[in-house]
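To keep things clear, I will list the structure first and then write my remarks on it.
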Amino acid sequence: MGENQLTHTIIGAAIEVHRELGPGLLESAYEECLAHEFTLRGLAYQRQKPLPVFYKGIQVECGFRLDFLVEEAVVVELKAVEQLSPVHQAQVMTYLKLAQCRLGLLINFNSFKLLQGLKRIILDS
């Protein structure tokens, strides 16, 4: 599956969860339902994947975790906040760098329309 088709499938799964639940719940509820939706759509994913940080040759235990890594290619970070801020986008960009991925989706489920709370982030080489 190509990048565009994969992100289309991920976004479709998120829209389905948002359509069923609406805004206003905790992030953990959306995460649980999105995992189920990924399974229904046949997507391979890792949930709450530990993300190591390496600094000058040593691994630093910081406790970072990706909400989802889908098909070993797309980092998916979930939020349930009033409004996305630049720090949320910076967080995804850092996760992409640490995970050595190029493509990420930042999804805010606390949006009236999910597409208003969605950002596709591409890490330039």
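So you can find residues: chains in the structure tokens are A, B, ... in the order shown, residues in each start at 1, and ligands are numbered from 1 in order.
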
May I have a table of the residues of region 54-116 of chain A lying at most 12 Å from region 7-27 of chain A, giving each one's closest pair of atoms and their distance in Å to one decimal, counting only C-alpha atoms, ordered by chain and ascending residue number, as JSON lines?
```
{"residue": "A:Asp67", "atom": "CA", "partner": "A:Glu27", "partner_atom": "CA", "distance": 10.1}
{"residue": "A:Phe68", "atom": "CA", "partner": "A:Ile10", "partner_atom": "CA", "distance": 10.7}
{"residue": "A:Leu69", "atom": "CA", "partner": "A:Ile10", "partner_atom": "CA", "distance": 10.9}
{"residue": "A:Val70", "atom": "CA", "partner": "A:Ile10", "partner_atom": "CA", "distance": 8.3}
{"residue": "A:Glu71", "atom": "CA", "partner": "A:Ile10", "partner_atom": "CA", "distance": 10.4}
{"residue": "A:Ala73", "atom": "CA", "partner": "A:Thr7", "partner_atom": "CA", "distance": 9.9}
{"residue": "A:Val74", "atom": "CA", "partner": "A:Thr7", "partner_atom": "CA", "distance": 7.8}
{"residue": "A:Val75", "atom": "CA", "partner": "A:Thr7", "partner_atom": "CA", "distance": 10.2}
{"residue": "A:Val76", "atom": "CA", "partner": "A:Ile10", "partner_atom": "CA", "distance": 8.7}
{"residue": "A:Glu77", "atom": "CA", "partner": "A:Glu27", "partner_atom": "CA", "distance": 10.2}
{"residue": "A:Leu78", "atom": "CA", "partner": "A:Glu27", "partner_atom": "CA", "distance": 6.8}
{"residue": "A:Lys79", "atom": "CA", "partner": "A:Glu27", "partner_atom": "CA", "distance": 5.9}
{"residue": "A:Ala80", "atom": "CA", "partner": "A:Glu27", "partner_atom": "CA", "distance": 5.2}
{"residue": "A:Val81", "atom": "CA", "partner": "A:Glu27", "partner_atom": "CA", "distance": 8.6}
{"residue": "A:Glu82", "atom": "CA", "partner": "A:Gly24", "partner_atom": "CA", "distance": 9.3}
{"residue": "A:Leu103", "atom": "CA", "partner": "A:Thr7", "partner_atom": "CA", "distance": 9.0}
{"residue": "A:Gly104", "atom": "CA", "partner": "A:Thr7", "partner_atom": "CA", "distance": 8.8}
{"residue": "A:Leu105", "atom": "CA", "partner": "A:Thr7", "partner_atom": "CA", "distance": 8.0}
{"residue": "A:Leu106", "atom": "CA", "partner": "A:Ile11", "partner_atom": "CA", "distance": 10.2}
{"residue": "A:Ile107", "atom": "CA", "partner": "A:Ala14", "partner_atom": "CA", "distance": 8.1}
{"residue": "A:Asn108", "atom": "CA", "partner": "A:Glu27", "partner_atom": "CA", "distance": 8.8}
{"residue": "A:Phe109", "atom": "CA", "partner": "A:Pro23", "partner_atom": "CA", "distance": 5.8}
{"residue": "A:Asn110", "atom": "CA", "partner": "A:Pro23", "partner_atom": "CA", "distance": 4.5}
{"residue": "A:Ser111", "atom": "CA", "partner": "A:Pro23", "partner_atom": "CA", "distance": 6.0}
{"residue": "A:Phe112", "atom": "CA", "partner": "A:Pro23", "partner_atom": "CA", "distance": 6.6}
{"residue": "A:Lys113", "atom": "CA", "partner": "A:His18", "partner_atom": "CA", "distance": 8.3}
{"residue": "A:Leu114", "atom": "CA", "partner": "A:Ile15", "partner_atom": "CA", "distance": 6.3}
{"residue": "A:Leu115", "atom": "CA", "partner": "A:Ile15", "partner_atom": "CA", "distance": 8.0}
{"residue": "A:Gln116", "atom": "CA", "partner": "A:Ile15", "partner_atom": "CA", "distance": 11.2}
```

Could you turn the residues from that selection into a file that holds N, CA and C atoms, as a CSV table (one decimal), in the first residue's frame?
```
chain,number,residue,atom,x,y,z
A,67,ASP,N,1.8,6.8,20.1
A,67,ASP,CA,0.4,6.3,20.2
A,67,ASP,C,0.2,5.1,19.3
A,68,PHE,N,0.6,5.3,18.0
A,68,PHE,CA,0.6,4.2,17.0
A,68,PHE,C,1.7,4.4,16.0
A,69,LEU,N,2.2,3.2,15.6
A,69,LEU,CA,3.1,3.2,14.4
A,69,LEU,C,2.3,2.2,13.5
A,70,VAL,N,1.9,2.7,12.4
A,70,VAL,CA,1.0,1.9,11.5
A,70,VAL,C,1.8,1.5,10.3
A,71,GLU,N,1.8,0.2,10.0
A,71,GLU,CA,2.5,-0.5,8.9
A,71,GLU,C,4.0,-0.1,8.9
A,73,ALA,N,5.3,2.5,9.0
A,73,ALA,CA,5.6,3.7,8.2
A,73,ALA,C,5.0,5.0,8.6
A,74,VAL,N,3.9,5.0,9.3
A,74,VAL,CA,3.2,6.2,9.7
A,74,VAL,C,3.1,6.3,11.2
A,75,VAL,N,3.6,7.4,11.8
A,75,VAL,CA,3.4,7.7,13.2
A,75,VAL,C,2.1,8.4,13.3
A,76,VAL,N,1.2,7.9,14.2
A,76,VAL,CA,-0.1,8.5,14.5
A,76,VAL,C,-0.1,9.0,15.9
A,77,GLU,N,-0.2,10.3,16.1
A,77,GLU,CA,-0.3,10.9,17.5
A,77,GLU,C,-1.7,11.4,17.7
A,78,LEU,N,-2.3,11.0,18.8
A,78,LEU,CA,-3.7,11.4,19.1
A,78,LEU,C,-3.7,12.4,20.1
A,79,LYS,N,-4.7,13.3,20.0
A,79,LYS,CA,-4.9,14.4,21.0
A,79,LYS,C,-6.4,14.5,21.2
A,80,ALA,N,-6.8,15.0,22.4
A,80,ALA,CA,-8.2,15.3,22.7
A,80,ALA,C,-8.2,16.6,23.4
A,81,VAL,N,-7.8,17.7,22.7
A,81,VAL,CA,-7.6,19.0,23.3
A,81,VAL,C,-8.4,20.0,22.6
A,82,GLU,N,-8.6,21.2,23.3
A,82,GLU,CA,-9.4,22.2,22.7
A,82,GLU,C,-8.9,22.7,21.4
A,103,LEU,N,6.6,10.1,7.7
A,103,LEU,CA,5.2,10.6,7.6
A,103,LEU,C,4.5,10.4,9.0
A,104,GLY,N,3.8,11.5,9.4
A,104,GLY,CA,3.0,11.4,10.6
A,104,GLY,C,1.7,12.0,10.5
A,105,LEU,N,0.8,11.6,11.3
A,105,LEU,CA,-0.6,12.2,11.3
A,105,LEU,C,-0.8,12.6,12.8
A,106,LEU,N,-1.2,13.9,12.9
A,106,LEU,CA,-1.6,14.4,14.2
A,106,LEU,C,-3.1,14.6,14.2
A,107,ILE,N,-3.8,13.9,15.1
A,107,ILE,CA,-5.3,13.8,15.0
A,107,ILE,C,-5.9,14.3,16.3
A,108,ASN,N,-6.6,15.4,16.3
A,108,ASN,CA,-7.3,15.9,17.5
A,108,ASN,C,-8.8,15.5,17.4
A,109,PHE,N,-9.2,14.6,18.3
A,109,PHE,CA,-10.5,14.1,18.3
A,109,PHE,C,-11.5,15.1,18.9
A,110,ASN,N,-11.0,16.1,19.6
A,110,ASN,CA,-11.9,17.1,20.2
A,110,ASN,C,-12.2,18.2,19.2
A,111,SER,N,-12.5,17.9,18.0
A,111,SER,CA,-12.9,18.9,17.0
A,111,SER,C,-14.3,18.6,16.5
A,112,PHE,N,-15.0,19.6,16.1
A,112,PHE,CA,-16.4,19.5,15.7
A,112,PHE,C,-16.4,18.6,14.4
A,113,LYS,N,-15.5,18.9,13.5
A,113,LYS,CA,-15.3,18.0,12.3
A,113,LYS,C,-13.8,17.5,12.4
A,114,LEU,N,-13.6,16.2,12.3
A,114,LEU,CA,-12.3,15.6,12.5
A,114,LEU,C,-11.3,16.2,11.6
A,115,LEU,N,-11.7,16.5,10.3
A,115,LEU,CA,-10.7,17.0,9.4
A,115,LEU,C,-10.1,18.4,9.8
A,116,GLN,N,-10.9,19.1,10.6
A,116,GLN,CA,-10.4,20.4,11.1
A,116,GLN,C,-9.3,20.2,12.2
```

Among the residues of region 21-125 of chain A, find those DSSP assigns to strand (DSSP E) from the backbone and print them as a ChimeraX atom specification.
/A:45-50,53-55,58-60,65-70,74-79,103-108,118-122

Within 8 Å of Cys62 (chain A) using only C-alpha atoms, minus same-chain residues under 2 positions, as a count of residues only
4

Tell me, in Å to one decimal, how far CA of His36 (chain A) is from CA of Gln83 (chain A).
25.4 Å
